[in-house]
Amino acid sequence: AGISFQVKLYESDNKIEFVYQQEAGALSSPSASIGMAFPRYGSPNFISLNNTGASPIASTSVETSSLALKPATGQVYSFVPAKLNQTITFGPLANRVFDPAPFALTATSSSGLPVTYASSNTNVATVAGNLVTLTGQGTITITASQAGDNTFNAAAVVTQSLTITPATLTLVFPQPADKTVGDPPFSLNISTTPSNADLGYEFTNPPVFALLDRAAGTITLQNVAGQIALKVTAGKSGYTTTSITRTFCVNPTKPPKVELLLGATDESLTLNVAFYTGIGDSFQWFRNGVDLNVTSSSRTLSITQPGVYSVSTIKGNCASVPSDGIPVVITDLLNKDKSEINIFPNPTDDSQQVTVDASGHARNGVIDVTVYDMMGRTKEQKSGSGSIQFSLSSYATGYYLFRVNTGTDIISKRIFKK
């Protein structure tokens, strides 16, 4: 053999070395080439040396195949093949409605090397490996890249746009029932889907007379009546923002009672609301459970009709439950000329008898007399000819109503017992 050589391959950088050694013996009709061929990869598909000296020229366009001189022993020729190009295939991304579940990207490289990804805005989406996790809403750019290796050059990056629209957030805020001053704290029973949405609270009709525990979602009432309007807003990154406003009353407390007062004349009766701490701005009066359409800031109501009277107190648009009813008996014809009926003495006391004399007005001289207290309760009834006497010694001090039925008229008159 005229010459031998050793081939060394280096994985770190794809370098190839030819190491030569001359052997004994002459060459017969020498004609050789030194280099590398790359028929698989297209043009340029070879590297060829133009001589066997220590510093030959390497060409990728001219192949020298007629070398006749032996390389010197120990001569080393090194070749580093040119890196190959590669491309990335990364198709358009469909728009998405926000969903926290990750989804995969499927870009590929022509080299078969793995593709890496990057998000232009991690507040909208993050990328780990080939998995995208949505974190918000908006439009971002996903960049696919492949950095290459010892064989392949870096690929040209490919970008795709991704638009995330917000998902629907559901807020449930039930209508709170009306409350009454003094009621215990109560829960708003708010829920959302997803359950970890952020909640904001706003009282929209100051002044506010309730304490809100935002963490617990409860309200503690203050000792004030009125209307509360509470706006609750729910939001979360990637979801729509939703608000609900609920309005409810904190009603005044129930008035404890209504008092019946006597006016300056026999025909004047007045109802009065006794003092209590839950008073609102005004009062609403009822007779036999029917609204009299009398609303006033005054505590009193003048009446001329019998019935069961009650009152509620009002603060703004909020009203208490009505008080317990007070029955009032007012007989007919209060304005009848009482000169035809003589009831005396008035006032009276335990030592005197009250005489009812209607002899000049009674039909056939017979009259019926009923005595009521001011709560409308019957105290006594008598009938007689023209004139009847009553002892009030067992009666408590106060006013009493004498109702006289003469057969043609019913006439009432008050008597005061000392």
# chains A, B, ... in the order shown; residues from 1 in each chain; ligands from 1
call {"tool": "residues_around", "arguments": {"residues": "region 291-302 of chain A", "least_positions_apart": "5", "cutoff": "6 Å", "atoms": "only C-alpha atoms", "output": "ChimeraX atom specification"}}
result
/A:269-273,282-286
call {"tool": "residues_around", "arguments": {"residues": "region 192-198 of chain A", "least_positions_apart": "5", "cutoff": "7 Å", "atoms": "only C-alpha atoms", "output": "number ranges by chain"}}
result
A: 169-172, 234-236
call {"tool": "select_by_dssp", "arguments": {"residues": "region 22-154 of chain A", "states": "strand (DSSP E)", "output": "PyMOL selection string"}}
result
chain A and resi 22+35-37+46-49+58-59+76-79+88-89+96-97+103-104+108-109+116-119+125-128+131-134+138-145
call {"tool": "residues_around", "arguments": {"residues": "region 61-76 of chain A", "least_positions_apart": "4", "cutoff": "12 Å", "atoms": "only C-alpha atoms", "output": "MDAnalysis selection string"}}
result
chainID A and resid 1:8 16:37 43:57
call {"tool": "residues_around", "arguments": {"residues": "region 85-93 of chain A", "least_positions_apart": "2", "cutoff": "7 Å", "atoms": "only C-alpha atoms", "output": "list in words"}}
result
Lys83, Asn95, Ala107, Thr108, Ser109, Ser110, Ser111, Phe152, Asn153, Ala155, Ala156, Val158, Gln160, Ser161 and Leu162 of chain A
call {"tool": "write_last_selection", "arguments": {"atoms": "all heavy atoms", "output": "mmCIF file, in the first residue's frame"}}
result
data_model
loop_
_atom_site.group_PDB
_atom_site.id
_atom_site.type_symbol
_atom_site.label_atom_id
_atom_site.label_comp_id
_atom_site.auth_asym_id
_atom_site.auth_seq_id
_atom_site.Cartn_x
_atom_site.Cartn_y
_atom_site.Cartn_z
ATOM 1 N N LYS A 83 -23.852 23.626 8.221
ATOM 2 C CA LYS A 83 -25.121 23.269 8.860
ATOM 3 C C LYS A 83 -26.267 23.373 7.863
ATOM 4 O O LYS A 83 -26.247 24.188 6.930
ATOM 5 C CB LYS A 83 -25.411 24.195 10.049
ATOM 6 C CG LYS A 83 -24.496 23.956 11.229
ATOM 7 C CD LYS A 83 -24.953 24.799 12.424
ATOM 8 C CE LYS A 83 -24.083 24.533 13.637
ATOM 9 N NZ LYS A 83 -24.520 25.301 14.816
ATOM 10 N N ASN A 95 -59.435 31.650 17.932
ATOM 11 C CA ASN A 95 -59.787 32.445 19.104
ATOM 12 C C ASN A 95 -60.465 31.566 20.140
ATOM 13 O O ASN A 95 -61.163 30.601 19.807
ATOM 14 C CB ASN A 95 -60.708 33.599 18.711
ATOM 15 C CG ASN A 95 -60.012 34.598 17.803
ATOM 16 O OD1 ASN A 95 -58.789 34.670 17.781
ATOM 17 N ND2 ASN A 95 -60.789 35.367 17.057
ATOM 18 N N ALA A 107 -46.877 23.017 16.924
ATOM 19 C CA ALA A 107 -45.903 23.369 15.886
ATOM 20 C C ALA A 107 -44.846 22.269 15.757
ATOM 21 O O ALA A 107 -44.506 21.586 16.731
ATOM 22 C CB ALA A 107 -45.238 24.702 16.222
ATOM 23 N N THR A 108 -44.310 22.110 14.534
ATOM 24 C CA THR A 108 -43.259 21.121 14.287
ATOM 25 C C THR A 108 -42.128 21.776 13.490
ATOM 26 O O THR A 108 -42.316 22.805 12.829
ATOM 27 C CB THR A 108 -43.794 19.921 13.498
ATOM 28 O OG1 THR A 108 -44.327 20.378 12.254
ATOM 29 C CG2 THR A 108 -44.869 19.193 14.287
ATOM 30 N N SER A 109 -40.935 21.163 13.555
ATOM 31 C CA SER A 109 -39.795 21.635 12.761
ATOM 32 C C SER A 109 -39.457 20.583 11.722
ATOM 33 O O SER A 109 -39.657 19.377 11.944
ATOM 34 C CB SER A 109 -38.587 21.909 13.660
ATOM 35 O OG SER A 109 -38.082 20.690 14.183
ATOM 36 N N SER A 110 -38.916 21.043 10.564
ATOM 37 C CA SER A 110 -38.548 20.093 9.511
ATOM 38 C C SER A 110 -37.376 19.218 9.920
ATOM 39 O O SER A 110 -37.179 18.130 9.372
ATOM 40 C CB SER A 110 -38.208 20.859 8.223
ATOM 41 O OG SER A 110 -37.113 21.752 8.455
ATOM 42 N N SER A 111 -36.600 19.669 10.909
ATOM 43 C CA SER A 111 -35.469 18.887 11.403
ATOM 44 C C SER A 111 -35.899 17.810 12.380
ATOM 45 O O SER A 111 -35.124 16.908 12.699
ATOM 46 C CB SER A 111 -34.456 19.803 12.092
ATOM 47 O OG SER A 111 -35.040 20.368 13.267
ATOM 48 N N PHE A 152 -28.141 21.608 12.339
ATOM 49 C CA PHE A 152 -29.123 22.497 11.744
ATOM 50 C C PHE A 152 -28.956 23.920 12.268
ATOM 51 O O PHE A 152 -28.672 24.140 13.456
ATOM 52 C CB PHE A 152 -30.541 22.013 12.067
ATOM 53 C CG PHE A 152 -30.892 20.722 11.381
ATOM 54 C CD1 PHE A 152 -30.680 19.499 12.028
ATOM 55 C CD2 PHE A 152 -31.414 20.720 10.099
ATOM 56 C CE1 PHE A 152 -31.007 18.313 11.405
ATOM 57 C CE2 PHE A 152 -31.740 19.525 9.477
ATOM 58 C CZ PHE A 152 -31.531 18.320 10.124
ATOM 59 N N ASN A 153 -29.103 24.830 11.354
ATOM 60 C CA ASN A 153 -29.170 26.227 11.746
ATOM 61 C C ASN A 153 -30.482 26.508 12.488
ATOM 62 O O ASN A 153 -31.449 25.740 12.406
ATOM 63 C CB ASN A 153 -29.100 27.129 10.507
ATOM 64 C CG ASN A 153 -27.744 27.095 9.844
ATOM 65 O OD1 ASN A 153 -26.716 27.183 10.517
ATOM 66 N ND2 ASN A 153 -27.739 26.961 8.518
ATOM 67 N N ALA A 155 -34.023 27.923 13.098
ATOM 68 C CA ALA A 155 -35.128 28.140 12.158
ATOM 69 C C ALA A 155 -35.637 29.570 12.285
ATOM 70 O O ALA A 155 -35.531 30.205 13.344
ATOM 71 C CB ALA A 155 -36.257 27.163 12.445
ATOM 72 N N ALA A 156 -36.187 30.090 11.217
ATOM 73 C CA ALA A 156 -36.871 31.383 11.289
ATOM 74 C C ALA A 156 -38.091 31.246 12.198
ATOM 75 O O ALA A 156 -38.851 30.278 12.096
ATOM 76 C CB ALA A 156 -37.295 31.828 9.888
ATOM 77 N N VAL A 158 -41.734 31.695 13.839
ATOM 78 C CA VAL A 158 -43.087 31.834 13.286
ATOM 79 C C VAL A 158 -43.995 32.313 14.408
ATOM 80 O O VAL A 158 -43.931 31.787 15.536
ATOM 81 C CB VAL A 158 -43.611 30.502 12.712
ATOM 82 C CG1 VAL A 158 -45.031 30.681 12.163
ATOM 83 C CG2 VAL A 158 -42.675 29.992 11.621
ATOM 84 N N GLN A 160 -47.981 33.517 15.726
ATOM 85 C CA GLN A 160 -49.421 33.441 15.501
ATOM 86 C C GLN A 160 -50.127 34.263 16.579
ATOM 87 O O GLN A 160 -49.693 34.303 17.734
ATOM 88 C CB GLN A 160 -49.931 31.998 15.540
ATOM 89 C CG GLN A 160 -49.413 31.111 14.421
ATOM 90 C CD GLN A 160 -49.954 31.519 13.057
ATOM 91 O OE1 GLN A 160 -50.846 32.366 12.955
ATOM 92 N NE2 GLN A 160 -49.388 30.928 12.002
ATOM 93 N N SER A 161 -51.214 34.918 16.168
ATOM 94 C CA SER A 161 -52.003 35.725 17.097
ATOM 95 C C SER A 161 -53.051 34.853 17.777
ATOM 96 O O SER A 161 -53.631 33.946 17.158
ATOM 97 C CB SER A 161 -52.683 36.872 16.332
ATOM 98 O OG SER A 161 -53.525 37.619 17.192
ATOM 99 N N LEU A 162 -53.286 35.151 19.064
ATOM 100 C CA LEU A 162 -54.299 34.424 19.840
ATOM 101 C C LEU A 162 -55.140 35.435 20.602
ATOM 102 O O LEU A 162 -54.611 36.235 21.364
ATOM 103 C CB LEU A 162 -53.625 33.445 20.813
ATOM 104 C CG LEU A 162 -54.551 32.697 21.781
ATOM 105 C CD1 LEU A 162 -55.526 31.808 21.016
ATOM 106 C CD2 LEU A 162 -53.738 31.867 22.775
#
call {"tool": "residues_around", "arguments": {"residues": "region 345-354 of chain A", "least_positions_apart": "2", "cutoff": "10 Å", "atoms": "only C-alpha atoms", "output": "PyMOL selection string"}}
result
chain A and resi 342-343+356-357+388-399+414-418
call {"tool": "closest_residue", "arguments": {"among": "A:Pro255, A:Gly129, A:Pro81, A:Gly226", "to": "Lys15 (chain A)", "atoms": "only C-alpha atoms"}}
result
A:Pro81
call {"tool": "atom_distance", "arguments": {"atom1": "CA of Ala210 (chain A)", "atom2": "CA of Ile228 (chain A)"}}
result
8.3 Å
call {"tool": "residues_around", "arguments": {"residues": "Gln381 (chain A)", "least_positions_apart": "4", "cutoff": "12 Å", "atoms": "only C-alpha atoms", "output": "list in words"}}
result
Ile367, Asp368, Val369, Thr370, Val371, Tyr372, Arg377, Ile388, Gln389, Phe390, Ser391, Leu401, Phe402, Arg403, Val404 and Asn405 of chain A
call {"tool": "write_last_selection", "arguments": {"atoms": "C-alpha atoms", "output": "PDB file, in the first residue's frame"}}
result
ATOM      1  CA  ILE A 367    -135.638  55.699  76.287  1.00  0.00           C
ATOM      2  CA  ASP A 368    -132.733  53.210  76.118  1.00  0.00           C
ATOM      3  CA  VAL A 369    -129.418  54.318  77.634  1.00  0.00           C
ATOM      4  CA  THR A 370    -126.058  52.526  77.215  1.00  0.00           C
ATOM      5  CA  VAL A 371    -122.913  53.687  79.028  1.00  0.00           C
ATOM      6  CA  TYR A 372    -119.476  53.036  77.379  1.00  0.00           C
ATOM      7  CA  ARG A 377    -116.601  48.685  76.320  1.00  0.00           C
ATOM      8  CA  ILE A 388    -133.259  57.285  84.141  1.00  0.00           C
ATOM      9  CA  GLN A 389    -130.635  57.530  86.891  1.00  0.00           C
ATOM     10  CA  PHE A 390    -127.146  55.977  87.059  1.00  0.00           C
ATOM     11  CA  SER A 391    -124.731  55.627  89.947  1.00  0.00           C
ATOM     12  CA  LEU A 401    -120.043  58.032  76.819  1.00  0.00           C
ATOM     13  CA  PHE A 402    -123.802  57.966  77.373  1.00  0.00           C
ATOM     14  CA  ARG A 403    -125.675  56.721  74.286  1.00  0.00           C
ATOM     15  CA  VAL A 404    -129.371  57.596  74.364  1.00  0.00           C
ATOM     16  CA  ASN A 405    -131.834  55.930  71.983  1.00  0.00           C
TER      17      ASN A 405
END
call {"tool": "atom_distance", "arguments": {"atom1": "CA of Lys231 (chain A)", "atom2": "CA of Val124 (chain A)"}}
result
28.3 Å
call {"tool": "closest_residue", "arguments": {"among": "A:Lys382, A:Arg96, A:Lys413, A:Lys179", "to": "Asn251 (chain A)", "atoms": "only C-alpha atoms"}}
result
A:Lys179
call {"tool": "residues_around", "arguments": {"residues": "Ser119 (chain A)", "least_positions_apart": "3", "cutoff": "12 Å", "atoms": "only C-alpha atoms", "output": "PyMOL selection string"}}
result
chain A and resi 105+116+122-135+139-145+159-162
call {"tool": "atom_distance", "arguments": {"atom1": "CA of Ser120 (chain A)", "atom2": "CA of Phe98 (chain A)"}}
result
17.1 Å
